[in-house]
Amino acid sequence: MTTLYLPRDAAALALGADRVAAAIMREAAARGLSVTLVRTGTRGAVWLEPLLEVATANGRVGYGPMRVADVPGVLDAIAADGAHALCIGPVTAHPWFANQTRLTFARCGVIDPVSVADYEANGGVAGLKRALAMGGAAIVEEVKTSGLRGRGGAGFPTGIKWNTVRGAPGGQKYIVCNADEGDSGTFADRMLMEGDPLCLIEGMAIAGIAVGATKGYVYIRSEYPHAVATMRAAIVAARRAGLLGDDVLGSGIAYDMDVRVGAGAYICGEETSLLDSLEGKRGMVRAKPPLPALAGLFGKPTVVNNVLSLASVPWILTHGGKAYAEYGQGRSLGTLPVQLAGNVKRGGLIELPFGLSLRSLVDEWGHGTATGRPFRAVQVGGPLGGYFPDRLMDTALDYEAMAAAGGLLGHGGVVVFDDSVDLLAQARFAFEFCAAESCGKCTPCRIGAVRGMEVVDKIAAGRDLSKNFTLLDDLCETMTDGSLCAMGGLTPVPVLTALRNFPEDFERAGRKLAAD
Amino acid sequence: MQTTPAMDAANLPGWDPARANAIIDGLKQTEGAALPILHALQAEFGYVPHPAEAMMADALNLSRAEIRGIISFYHDFRRAPGGRHVLKLCVAEACQSMGGPGAAERLLHRLGIGWGETTEDGSLTVEKVYCLGLCACAPAALLDETPIGRVDDDALTLLAADAAGDRA
């Protein structure tokens with residue numbers, strides 16, 4: 001009897017995991033082998049996916065990236081205990097995994113995502129039990145001690161937000177999980193929901209107990225059908241195991257939750273727009289105040305947290321806030337699940353304490369560009385994040401350092417570009433994206449994005465360069481200072497970092513015109 | 001001449017008022033019911049048939065204009081039938097870094113359609129999407145609910161051919 005593990009994470013599926021799984025079962029049947037194939041989430045090494053693992057006396061040994069054609073040979077190797085070109089050895093000893101600090105993603109890729117028994121056997125539920133024993137006020141203190149800050153991008157201290165909701169008057173309160181992970185280059189929320197959804201459920205239940213909320217929603221973008229399905233299955237399993245319901249683990253405390261699916265609007269990742277969408281409306285951004293913590297979903301006090309913030313909570317409650325705060329640097333404490341993406345050889349999710357430099361991320365973890373062409377730029381923090389050139393690659397991945405470099409950490413996504421990238425085109429795209437996805441409520445964002453595209457087009461055509469550069473600066477200032485939310489307010493970040501860090505791409509058009 | 005829902009309902013593919021009514025009835029009590037209902041209607045009919053808008057308005061105590069406003073706000077909701085298969089192609093930054101938008105434009109050119117349009121045989125609608133969360137295996141695509149990574153011209157041509165060959 002051999003136990004094999006193969007991810008069913010969307011990225012693994014996108015690289016053929018289901019075909020490999022079918023080939024394994026076919027080949028095993030033909031050989032009369034007794035095989036149990038457990039479908040897990042991914043450990044995050046997308047460059048090794050589909051990564052097949054086999055249980056051995058020395059732990060799980062990995063083979064990847066697997067193709068259907070590799071299946072017979074790999075099964076031979078497993079049977080003979082022999083070597084194979086795709087064998088990476090014991091998975092957790094492989095440097096790509098061994099050098100990470102897996103707190104939030106400790107179980108992701110390891111367990112059957114919807115098995116409560118697997119979850120509990122691997123450290124799950126302990127945080128919830130401790131939370132129930134200590135009560136709301138002490139939970140909030142523990143989260144404050146951890147230094148946990150919102151992983152969605154804004155970086156607001158989670159414990160302080162919870163404290164506000166806890167102290168807010170009003171009967172019904174809500175926990176809302178923002179799983180509208182729309183930033184290009186990010187996939188950590190999806191990976192967690194597909195690989196360890198019970199961790200998110202546990203984190204939300206702890207949040208509910210902490211602030212006195214009995215109802216929660218996970219708002220998942222519709223582009224993530226697999227995450228939606230896995231989350232729903234996990235909620236059913238959690239209810240059956242008593243982790244959710246009228247009487248959480250026999251405590252007498254009620255907390256339950258449901259999944260809601262977005263409908264293809266990037267702006268719904270903005271928390272107030274998300275709340276309007278959850279209420280069944282157009283996803284229009286609300287003016288703040290009132291804070292969602294006081295008047296959120298249906299006007300009730302509401303915790304709105306990102307998936308990763310909530311999924312960090314079970315570890316914090318299990319091991320203590322102080323233990324969490326021992327990781328990281330400055331005011332960026334704990335671990336950051338970095339998502340390395342785009343034009344890079346070894347892309348995937350890497351969880352590390354805050355403070356890794358962009359250069360070690362791209363060179364040591366990423367092994368350079370996928371195309372093999374020279375590196376030129378990274379964009380950090382999604383479509384509203386900055387573009388950085390080689391000379392800024394020693395910037396550390398933490399909230400303050402990224403801001404000081406003119407960018408933002410955002411949700412921790414890093415997209416790599418080779419030397420074929422045109423930063424003027426990227427700046428234009430930032431405006432184009434904003435124009436397509438703006439909710440339209442405030443003028444700087446709604447009109448500014450369209451005018452921005454036009455100005456960049458004029459610069460590309462070499463028309464009135466000095467006048468148009470001044471206009472672009474002016475427009476960006478208006479959007480930054482005058483927009484209602486981060487959509488319009490941060491669109492200037494990719495534009496201005498592209499312009500400042502790669503001026504040659506903007507001047508090329510003018511030079512070409514002069515040469516003609 | 002102004003058409004009324006009753007007059008052209010007969011021309012709406014697959015339209016079944018009883019079925020729509022059952023869907024709306026079953027979900028109208030949920031908190032913030034509009035999106036769950038619209039998703040369910042689109043799952044049933046492949047689009048949101050416009051007579052359903054008035055039914056939703058009645059059930060949720062909203063105006064038809066409000067329902068129309070919700071539908072038009074979200075990229076996902078379709079007011080006319082799409083193809084038998086829907087191919088979403090990512091054109092966001094991570095996929096840009098690997099040539100995604102170029103491959104997408106070339107596919108549209110080969111199919112002779114634009115973004116959001118359906119091939120003449122009704123087999124495939126191609127939609128632009130900003131991020132599928134498959135950024136470490138870019139460029140990415142989603143055919144119905146099947147994710148596909150590292151797509152190139154050949155892969156996209158094959159996908160379109162498979163969709164055209166499937167007459168289900």
# chains A, B, ... in the order shown; residues from 1 in each chain; ligands from 1
call {"tool": "residues_around", "arguments": {"residues": "segment 284-299 of chain A", "least_positions_apart": "6", "cutoff": "12 Å", "atoms": "only C-alpha atoms", "output": "short mmCIF file (atom, residue, chain, number, x, y, z; two decimals) with all heavy atoms, in the first residue's frame"}}
result
data_model
loop_
_atom_site.label_atom_id
_atom_site.label_comp_id
_atom_site.auth_asym_id
_atom_site.auth_seq_id
_atom_site.Cartn_x
_atom_site.Cartn_y
_atom_site.Cartn_z
N THR A 158 -4.37 44.77 13.32
CA THR A 158 -5.58 43.95 13.41
C THR A 158 -6.22 44.01 14.80
O THR A 158 -7.44 44.12 14.93
CB THR A 158 -5.23 42.48 13.04
OG1 THR A 158 -4.61 42.50 11.75
CG2 THR A 158 -6.45 41.61 13.01
N GLY A 159 -5.38 43.95 15.83
CA GLY A 159 -5.90 43.95 17.20
C GLY A 159 -6.68 45.22 17.52
O GLY A 159 -7.70 45.18 18.22
N ILE A 160 -6.20 46.35 17.01
CA ILE A 160 -6.87 47.63 17.28
C ILE A 160 -8.23 47.66 16.59
O ILE A 160 -9.24 48.09 17.15
CB ILE A 160 -5.96 48.81 16.84
CG1 ILE A 160 -4.75 48.86 17.78
CG2 ILE A 160 -6.73 50.13 16.86
CD1 ILE A 160 -3.71 49.89 17.41
N LYS A 161 -8.27 47.14 15.36
CA LYS A 161 -9.54 47.07 14.63
C LYS A 161 -10.54 46.20 15.41
O LYS A 161 -11.69 46.57 15.62
CB LYS A 161 -9.30 46.49 13.23
CG LYS A 161 -10.50 46.55 12.32
CD LYS A 161 -10.23 45.87 10.97
CE LYS A 161 -9.47 46.74 10.01
NZ LYS A 161 -9.31 46.11 8.68
N TRP A 162 -10.07 45.05 15.88
CA TRP A 162 -10.94 44.14 16.63
C TRP A 162 -11.45 44.80 17.90
O TRP A 162 -12.60 44.63 18.29
CB TRP A 162 -10.19 42.85 16.98
CG TRP A 162 -9.95 41.94 15.82
CD1 TRP A 162 -10.01 42.27 14.50
CD2 TRP A 162 -9.61 40.56 15.88
NE1 TRP A 162 -9.71 41.17 13.72
CE2 TRP A 162 -9.47 40.11 14.54
CE3 TRP A 162 -9.39 39.66 16.92
CZ2 TRP A 162 -9.13 38.78 14.23
CZ3 TRP A 162 -9.06 38.35 16.61
CH2 TRP A 162 -8.93 37.92 15.26
N ASN A 163 -10.56 45.55 18.55
CA ASN A 163 -10.93 46.20 19.79
C ASN A 163 -12.08 47.20 19.56
O ASN A 163 -13.00 47.30 20.38
CB ASN A 163 -9.71 46.91 20.39
CG ASN A 163 -9.89 47.17 21.87
OD1 ASN A 163 -10.36 46.30 22.59
ND2 ASN A 163 -9.54 48.36 22.32
N THR A 164 -12.00 47.92 18.43
CA THR A 164 -13.05 48.88 18.10
C THR A 164 -14.39 48.17 17.91
O THR A 164 -15.42 48.61 18.42
CB THR A 164 -12.68 49.65 16.82
OG1 THR A 164 -11.37 50.20 16.98
CG2 THR A 164 -13.68 50.76 16.53
N VAL A 165 -14.36 47.07 17.18
CA VAL A 165 -15.61 46.33 16.94
C VAL A 165 -16.13 45.74 18.25
O VAL A 165 -17.32 45.77 18.54
CB VAL A 165 -15.41 45.22 15.89
CG1 VAL A 165 -16.69 44.44 15.67
CG2 VAL A 165 -14.92 45.81 14.58
N ARG A 166 -15.21 45.24 19.04
CA ARG A 166 -15.60 44.65 20.33
C ARG A 166 -16.31 45.67 21.22
O ARG A 166 -17.31 45.37 21.88
CB ARG A 166 -14.35 44.10 21.04
CG ARG A 166 -14.64 43.47 22.38
CD ARG A 166 -13.41 42.82 22.99
NE ARG A 166 -13.62 42.63 24.42
CZ ARG A 166 -14.41 41.71 24.95
NH1 ARG A 166 -15.04 40.86 24.16
NH2 ARG A 166 -14.57 41.61 26.24
N GLY A 167 -15.79 46.90 21.19
CA GLY A 167 -16.36 47.93 22.05
C GLY A 167 -17.58 48.63 21.46
O GLY A 167 -18.22 49.42 22.13
N ALA A 168 -17.87 48.34 20.17
CA ALA A 168 -18.97 49.05 19.51
C ALA A 168 -20.31 48.55 20.03
O ALA A 168 -20.52 47.35 20.18
CB ALA A 168 -18.88 48.85 18.00
N PRO A 169 -21.24 49.49 20.29
CA PRO A 169 -22.58 49.06 20.69
C PRO A 169 -23.32 48.50 19.48
O PRO A 169 -22.95 48.77 18.34
CB PRO A 169 -23.23 50.35 21.18
CG PRO A 169 -22.52 51.45 20.45
CD PRO A 169 -21.12 50.95 20.19
N GLY A 170 -24.36 47.76 19.72
CA GLY A 170 -25.12 47.21 18.59
C GLY A 170 -25.24 45.72 18.72
O GLY A 170 -24.28 45.06 19.13
N GLY A 171 -26.39 45.19 18.37
CA GLY A 171 -26.65 43.77 18.55
C GLY A 171 -25.83 42.91 17.61
O GLY A 171 -24.76 42.41 17.98
N GLN A 172 -26.31 42.75 16.39
CA GLN A 172 -25.64 41.89 15.42
C GLN A 172 -24.31 42.51 14.99
O GLN A 172 -24.24 43.68 14.65
CB GLN A 172 -26.54 41.70 14.20
CG GLN A 172 -25.94 40.82 13.11
CD GLN A 172 -25.83 39.37 13.55
OE1 GLN A 172 -26.81 38.74 13.90
NE2 GLN A 172 -24.61 38.84 13.53
N LYS A 173 -23.24 41.73 15.05
CA LYS A 173 -21.95 42.15 14.48
C LYS A 173 -21.52 41.11 13.47
O LYS A 173 -21.98 39.96 13.53
CB LYS A 173 -20.90 42.30 15.59
CG LYS A 173 -21.21 43.39 16.61
CD LYS A 173 -20.17 43.45 17.72
CE LYS A 173 -20.58 44.47 18.77
NZ LYS A 173 -19.63 44.51 19.90
N TYR A 174 -20.64 41.51 12.58
CA TYR A 174 -20.21 40.61 11.52
C TYR A 174 -18.69 40.50 11.41
O TYR A 174 -17.97 41.46 11.68
CB TYR A 174 -20.72 41.10 10.15
CG TYR A 174 -22.21 41.04 9.97
CD1 TYR A 174 -23.00 42.17 10.16
CD2 TYR A 174 -22.84 39.86 9.59
CE1 TYR A 174 -24.38 42.13 9.97
CE2 TYR A 174 -24.22 39.80 9.40
CZ TYR A 174 -24.98 40.94 9.59
OH TYR A 174 -26.33 40.90 9.40
N ILE A 175 -18.24 39.31 10.97
CA ILE A 175 -16.86 39.12 10.53
C ILE A 175 -16.91 38.97 9.01
O ILE A 175 -17.59 38.07 8.50
CB ILE A 175 -16.21 37.85 11.12
CG1 ILE A 175 -16.35 37.81 12.65
CG2 ILE A 175 -14.75 37.74 10.68
CD1 ILE A 175 -15.64 38.92 13.38
N VAL A 176 -16.23 39.84 8.30
CA VAL A 176 -16.19 39.73 6.85
C VAL A 176 -14.75 39.49 6.41
O VAL A 176 -13.85 40.25 6.77
CB VAL A 176 -16.74 41.00 6.17
CG1 VAL A 176 -16.47 40.97 4.67
CG2 VAL A 176 -18.24 41.12 6.43
N CYS A 177 -14.56 38.41 5.68
CA CYS A 177 -13.24 38.12 5.16
C CYS A 177 -13.15 38.58 3.72
O CYS A 177 -13.92 38.16 2.87
CB CYS A 177 -12.94 36.63 5.25
SG CYS A 177 -11.37 36.22 4.46
N VAL A 211 -14.90 39.54 19.19
CA VAL A 211 -15.66 40.80 19.11
C VAL A 211 -17.14 40.62 19.38
O VAL A 211 -17.89 41.60 19.42
CB VAL A 211 -15.46 41.48 17.74
CG1 VAL A 211 -13.97 41.66 17.45
CG2 VAL A 211 -16.14 40.70 16.61
N ALA A 213 -19.23 38.66 17.40
CA ALA A 213 -19.96 38.53 16.13
C ALA A 213 -20.38 37.07 15.95
O ALA A 213 -19.59 36.16 16.19
CB ALA A 213 -19.07 38.95 14.96
N LYS A 215 -21.90 36.00 13.02
CA LYS A 215 -22.09 35.66 11.60
C LYS A 215 -20.90 36.17 10.81
O LYS A 215 -20.41 37.28 11.04
CB LYS A 215 -23.39 36.33 11.11
CG LYS A 215 -23.72 36.12 9.66
CD LYS A 215 -24.40 34.80 9.40
CE LYS A 215 -24.36 34.47 7.93
NZ LYS A 215 -24.73 33.10 7.61
N GLY A 216 -20.43 35.35 9.88
CA GLY A 216 -19.32 35.77 9.04
C GLY A 216 -19.57 35.48 7.58
O GLY A 216 -20.36 34.59 7.23
N TYR A 217 -18.92 36.24 6.74
CA TYR A 217 -18.95 35.99 5.29
C TYR A 217 -17.53 36.00 4.74
O TYR A 217 -16.72 36.84 5.13
CB TYR A 217 -19.74 37.08 4.55
CG TYR A 217 -21.23 37.01 4.78
CD1 TYR A 217 -21.86 37.92 5.63
CD2 TYR A 217 -22.00 36.04 4.16
CE1 TYR A 217 -23.23 37.86 5.85
CE2 TYR A 217 -23.37 35.97 4.38
CZ TYR A 217 -23.98 36.88 5.21
OH TYR A 217 -25.33 36.81 5.42
N ALA A 265 -15.51 42.39 -10.24
CA ALA A 265 -15.23 43.81 -10.07
C ALA A 265 -14.04 43.96 -9.13
O ALA A 265 -14.14 43.65 -7.95
CB ALA A 265 -16.45 44.54 -9.51
N TYR A 266 -12.91 44.47 -9.67
CA TYR A 266 -11.70 44.63 -8.86
C TYR A 266 -11.95 45.52 -7.65
O TYR A 266 -11.43 45.29 -6.57
CB TYR A 266 -10.59 45.22 -9.73
CG TYR A 266 -9.32 45.57 -8.98
CD1 TYR A 266 -8.41 44.58 -8.62
CD2 TYR A 266 -9.02 46.88 -8.62
CE1 TYR A 266 -7.25 44.88 -7.93
CE2 TYR A 266 -7.87 47.20 -7.93
CZ TYR A 266 -6.97 46.19 -7.59
OH TYR A 266 -5.83 46.50 -6.90
N ILE A 267 -12.78 46.54 -7.85
CA ILE A 267 -12.99 47.53 -6.79
C ILE A 267 -13.59 46.89 -5.54
O ILE A 267 -13.45 47.41 -4.44
CB ILE A 267 -13.88 48.70 -7.30
CG1 ILE A 267 -13.84 49.88 -6.33
CG2 ILE A 267 -15.31 48.27 -7.55
CD1 ILE A 267 -12.48 50.50 -6.10
N CYS A 268 -14.24 45.74 -5.67
CA CYS A 268 -14.85 45.11 -4.50
C CYS A 268 -13.81 44.57 -3.53
O CYS A 268 -14.16 44.10 -2.45
CB CYS A 268 -15.84 44.03 -4.92
SG CYS A 268 -17.31 44.76 -5.68
N GLY A 269 -12.53 44.64 -3.87
CA GLY A 269 -11.49 44.35 -2.91
C GLY A 269 -11.28 45.49 -1.94
O GLY A 269 -10.65 45.33 -0.90
N GLU A 270 -11.81 46.67 -2.28
CA GLU A 270 -11.80 47.82 -1.35
C GLU A 270 -12.90 47.53 -0.33
O GLU A 270 -14.02 47.19 -0.71
CB GLU A 270 -12.07 49.11 -2.13
CG GLU A 270 -11.71 50.38 -1.41
CD GLU A 270 -12.68 50.80 -0.33
OE1 GLU A 270 -13.89 50.47 -0.45
OE2 GLU A 270 -12.27 51.44 0.63
N GLU A 271 -12.58 47.69 0.97
CA GLU A 271 -13.48 47.11 1.97
C GLU A 271 -14.89 47.67 1.96
O GLU A 271 -15.86 46.93 2.14
CB GLU A 271 -12.87 47.21 3.37
CG GLU A 271 -12.63 48.61 3.87
CD GLU A 271 -12.13 48.63 5.32
OE1 GLU A 271 -11.95 47.56 5.91
OE2 GLU A 271 -11.94 49.73 5.86
N THR A 272 -15.06 48.98 1.71
CA THR A 272 -16.42 49.51 1.76
C THR A 272 -17.21 49.13 0.51
O THR A 272 -18.42 48.90 0.58
CB THR A 272 -16.42 51.04 1.94
OG1 THR A 272 -15.79 51.66 0.83
CG2 THR A 272 -15.72 51.45 3.22
N SER A 273 -16.52 49.04 -0.60
CA SER A 273 -17.16 48.58 -1.84
C SER A 273 -17.59 47.12 -1.68
O SER A 273 -18.69 46.72 -2.10
CB SER A 273 -16.16 48.74 -2.99
OG SER A 273 -16.54 47.95 -4.07
N LEU A 274 -16.73 46.34 -1.03
CA LEU A 274 -17.06 44.94 -0.76
C LEU A 274 -18.32 44.83 0.10
O LEU A 274 -19.19 43.98 -0.15
CB LEU A 274 -15.86 44.27 -0.07
CG LEU A 274 -15.92 42.77 0.19
CD1 LEU A 274 -14.51 42.20 0.26
CD2 LEU A 274 -16.65 42.42 1.48
N LEU A 275 -18.43 45.71 1.09
CA LEU A 275 -19.61 45.66 1.97
C LEU A 275 -20.88 45.99 1.18
O LEU A 275 -21.90 45.32 1.34
CB LEU A 275 -19.43 46.64 3.14
CG LEU A 275 -18.34 46.27 4.14
CD1 LEU A 275 -18.14 47.38 5.16
CD2 LEU A 275 -18.67 44.95 4.85
N ASP A 276 -20.80 47.00 0.30
CA ASP A 276 -21.96 47.31 -0.52
C ASP A 276 -22.33 46.12 -1.40
O ASP A 276 -23.50 45.80 -1.59
CB ASP A 276 -21.70 48.56 -1.37
CG ASP A 276 -22.20 49.83 -0.71
OD1 ASP A 276 -22.30 49.84 0.53
OD2 ASP A 276 -22.53 50.81 -1.42
N SER A 277 -21.31 45.49 -1.96
CA SER A 277 -21.55 44.33 -2.82
C SER A 277 -22.20 43.18 -2.03
O SER A 277 -23.15 42.55 -2.50
CB SER A 277 -20.23 43.87 -3.45
OG SER A 277 -20.45 42.81 -4.35
N LEU A 278 -21.71 42.96 -0.81
CA LEU A 278 -22.30 41.92 0.05
C LEU A 278 -23.75 42.24 0.38
O LEU A 278 -24.57 41.35 0.59
CB LEU A 278 -21.52 41.85 1.38
CG LEU A 278 -20.46 40.79 1.54
CD1 LEU A 278 -19.84 40.90 2.93
CD2 LEU A 278 -21.03 39.39 1.36
N ASN A 305 -11.34 41.88 7.38
CA ASN A 305 -9.92 41.51 7.34
C ASN A 305 -9.64 40.68 6.11
O ASN A 305 -10.50 39.96 5.60
CB ASN A 305 -9.53 40.66 8.57
CG ASN A 305 -9.20 41.50 9.81
OD1 ASN A 305 -9.40 41.05 10.93
ND2 ASN A 305 -8.69 42.69 9.62
N GLU A 437 -11.88 49.71 -13.93
CA GLU A 437 -12.32 49.14 -12.67
C GLU A 437 -12.79 50.16 -11.63
O GLU A 437 -13.24 49.80 -10.56
CB GLU A 437 -11.19 48.28 -12.07
CG GLU A 437 -10.80 47.09 -12.94
CD GLU A 437 -11.96 46.11 -13.14
OE1 GLU A 437 -12.74 45.90 -12.20
OE2 GLU A 437 -12.10 45.59 -14.26
N SER A 438 -12.68 51.45 -11.94
CA SER A 438 -13.15 52.48 -11.01
C SER A 438 -14.64 52.29 -10.75
O SER A 438 -15.39 51.97 -11.67
CB SER A 438 -12.90 53.86 -11.62
OG SER A 438 -13.53 54.86 -10.85
N CYS A 439 -15.06 52.52 -9.50
CA CYS A 439 -16.50 52.41 -9.23
C CYS A 439 -17.23 53.64 -9.76
O CYS A 439 -18.45 53.62 -9.93
CB CYS A 439 -16.77 52.22 -7.74
SG CYS A 439 -16.76 53.73 -6.74
N GLY A 440 -16.50 54.72 -10.00
CA GLY A 440 -17.09 55.89 -10.62
C GLY A 440 -17.66 56.91 -9.65
O GLY A 440 -18.24 57.91 -10.06
N LYS A 441 -17.50 56.66 -8.37
CA LYS A 441 -18.13 57.56 -7.40
C LYS A 441 -17.43 58.91 -7.32
O LYS A 441 -18.08 59.94 -7.24
CB LYS A 441 -18.16 56.90 -6.02
CG LYS A 441 -18.94 57.71 -4.98
CD LYS A 441 -19.34 56.81 -3.83
CE LYS A 441 -20.12 57.55 -2.76
NZ LYS A 441 -20.72 56.60 -1.81
N CYS A 442 -16.08 58.89 -7.32
CA CYS A 442 -15.39 60.18 -7.19
C CYS A 442 -14.74 60.57 -8.51
O CYS A 442 -14.26 59.74 -9.28
CB CYS A 442 -14.38 60.15 -6.04
SG CYS A 442 -12.89 59.19 -6.38
N CYS A 445 -10.79 59.80 -9.70
CA CYS A 445 -10.55 58.43 -10.17
C CYS A 445 -11.26 58.18 -11.50
O CYS A 445 -10.66 57.72 -12.46
CB CYS A 445 -11.03 57.46 -9.09
SG CYS A 445 -10.87 55.72 -9.50
N SER A 483 -8.85 61.43 -4.36
CA SER A 483 -9.69 60.24 -4.58
C SER A 483 -10.28 59.75 -3.27
O SER A 483 -9.69 59.92 -2.20
CB SER A 483 -8.88 59.12 -5.22
OG SER A 483 -8.42 59.51 -6.50
N LEU A 484 -11.41 59.11 -3.38
CA LEU A 484 -12.11 58.61 -2.20
C LEU A 484 -11.42 57.38 -1.60
O LEU A 484 -11.44 57.17 -0.39
CB LEU A 484 -13.54 58.26 -2.61
CG LEU A 484 -14.59 58.04 -1.55
CD1 LEU A 484 -14.67 59.20 -0.57
CD2 LEU A 484 -15.96 57.84 -2.23
N CYS A 485 -10.84 56.53 -2.43
CA CYS A 485 -10.20 55.32 -1.90
C CYS A 485 -8.87 55.06 -2.60
O CYS A 485 -8.41 55.84 -3.43
CB CYS A 485 -11.12 54.10 -2.05
SG CYS A 485 -11.14 53.35 -3.70
N ALA A 486 -8.26 53.93 -2.29
CA ALA A 486 -6.93 53.61 -2.79
C ALA A 486 -6.89 53.37 -4.30
O ALA A 486 -5.83 53.48 -4.92
CB ALA A 486 -6.38 52.39 -2.06
N MET A 487 -8.02 53.04 -4.91
CA MET A 487 -8.02 52.78 -6.36
C MET A 487 -7.50 54.00 -7.12
O MET A 487 -6.50 53.93 -7.83
CB MET A 487 -9.44 52.43 -6.81
CG MET A 487 -9.58 52.23 -8.31
SD MET A 487 -9.48 50.52 -8.77
CE MET A 487 -8.33 50.59 -10.13
N GLY A 488 -8.18 55.13 -6.97
CA GLY A 488 -7.71 56.36 -7.60
C GLY A 488 -6.50 56.93 -6.90
O GLY A 488 -5.60 57.47 -7.53
N GLU B 31 -29.44 37.33 3.14
CA GLU B 31 -28.95 38.70 3.32
C GLU B 31 -28.25 39.15 2.05
O GLU B 31 -27.41 38.44 1.50
CB GLU B 31 -27.93 38.75 4.48
CG GLU B 31 -28.56 38.57 5.85
CD GLU B 31 -27.56 38.81 6.99
OE1 GLU B 31 -26.40 38.36 6.89
OE2 GLU B 31 -27.94 39.43 7.98
N GLY B 32 -28.58 40.34 1.55
CA GLY B 32 -27.93 40.85 0.35
C GLY B 32 -28.13 39.92 -0.83
O GLY B 32 -27.17 39.45 -1.44
N GLY B 69 -28.90 48.44 -12.72
CA GLY B 69 -27.65 49.07 -12.27
C GLY B 69 -26.70 48.06 -11.66
O GLY B 69 -25.49 48.12 -11.87
N ILE B 70 -27.24 47.13 -10.91
CA ILE B 70 -26.39 46.10 -10.30
C ILE B 70 -25.80 45.21 -11.39
O ILE B 70 -24.60 44.94 -11.41
CB ILE B 70 -27.21 45.25 -9.29
CG1 ILE B 70 -27.70 46.12 -8.13
CG2 ILE B 70 -26.37 44.09 -8.76
CD1 ILE B 70 -28.78 45.47 -7.27
N PHE B 73 -23.03 46.91 -13.32
CA PHE B 73 -21.82 47.25 -12.56
C PHE B 73 -20.77 46.13 -12.63
O PHE B 73 -19.58 46.39 -12.69
CB PHE B 73 -22.17 47.52 -11.10
CG PHE B 73 -20.99 47.96 -10.26
CD1 PHE B 73 -20.64 49.30 -10.21
CD2 PHE B 73 -20.24 47.03 -9.55
CE1 PHE B 73 -19.54 49.71 -9.45
CE2 PHE B 73 -19.14 47.44 -8.79
CZ PHE B 73 -18.80 48.78 -8.75
N TYR B 74 -21.24 44.90 -12.64
CA TYR B 74 -20.33 43.75 -12.52
C TYR B 74 -20.02 43.15 -13.89
O TYR B 74 -20.93 42.88 -14.68
CB TYR B 74 -20.95 42.69 -11.60
CG TYR B 74 -21.14 43.18 -10.18
CD1 TYR B 74 -22.37 43.66 -9.74
CD2 TYR B 74 -20.07 43.19 -9.29
CE1 TYR B 74 -22.54 44.13 -8.45
CE2 TYR B 74 -20.23 43.66 -7.99
CZ TYR B 74 -21.46 44.13 -7.57
OH TYR B 74 -21.62 44.59 -6.30
#
call {"tool": "residues_around", "arguments": {"residues": "Arg239 of chain A", "least_positions_apart": "2", "cutoff": "12 Å", "atoms": "only C-alpha atoms", "output": "list in words"}}
result
Val114, Val116, Leu198, Ile201, Glu202, Ala205, Arg232, Ala233, Ala234, Ile235, Val236, Ala237, Ala241, Gly242, Leu243, Leu244, Gly245, Asp246, Asp247, Val248, Leu249, Ala254, Tyr255, Asp256, Met257 and Asp258 of chain A
call {"tool": "residues_around", "arguments": {"residues": "Gly114 of chain B", "least_positions_apart": "2", "cutoff": "10 Å", "atoms": "only C-alpha atoms", "output": "list of chain:residue names"}}
result
B:Glu105, B:Leu107, B:Leu108, B:His109, B:Leu111, B:Gly112, B:Gly116, B:Glu117, B:Thr118, B:Thr119, B:Thr125, B:Val126, B:Glu127, B:Lys128
call {"tool": "select_by_dssp", "arguments": {"residues": "segment 128-289 of chain A", "states": "alpha helix (DSSP H)", "output": "MDAnalysis selection string"}}
result
chainID A and resid 128:134 136:146 158:167 188:195 197:211 225:240 271:278
call {"tool": "select_by_dssp", "arguments": {"residues": "segment 181-387 of chain A", "states": "strand (DSSP E or B)", "output": "PyMOL selection string"}}
result
chain A and resi 215-220+245+255-261+302-306+328-329+332-333+335-342+348-353+357+375-380+386-387
call {"tool": "closest_residue", "arguments": {"among": "A:Pro492, A:Gly82, A:Gly413, A:Pro197", "to": "Phe429 of chain A", "atoms": "only C-alpha atoms"}}
result
A:Pro492
call {"tool": "decode", "arguments": {"residues": "segment 115-134 of chain B", "atoms": "C-alpha atoms", "output": "short mmCIF file (atom, residue, chain, number, x, y, z; two decimals), in the first residue's frame"}}
result
data_model
loop_
_atom_site.label_atom_id
_atom_site.label_comp_id
_atom_site.auth_asym_id
_atom_site.auth_seq_id
_atom_site.Cartn_x
_atom_site.Cartn_y
_atom_site.Cartn_z
CA TRP B 115 -13.15 40.90 -26.51
CA GLY B 116 -16.43 39.70 -25.05
CA GLU B 117 -17.66 38.42 -28.41
CA THR B 118 -18.70 34.93 -29.44
CA THR B 119 -17.48 32.93 -32.42
CA GLU B 120 -19.89 32.61 -35.33
CA ASP B 121 -20.61 28.93 -34.54
CA GLY B 122 -21.60 29.89 -31.01
CA SER B 123 -18.96 27.66 -29.48
CA LEU B 124 -16.77 30.15 -27.67
CA THR B 125 -16.96 33.52 -25.96
CA VAL B 126 -13.59 35.09 -25.17
CA GLU B 127 -13.46 37.44 -22.22
CA LYS B 128 -10.73 39.68 -20.89
CA VAL B 129 -9.95 39.15 -17.22
CA TYR B 130 -7.62 40.94 -14.81
CA CYS B 131 -5.92 38.16 -12.88
CA LEU B 132 -6.85 34.54 -12.29
CA GLY B 133 -4.41 34.07 -9.42
CA LEU B 134 -2.22 31.86 -11.61
#
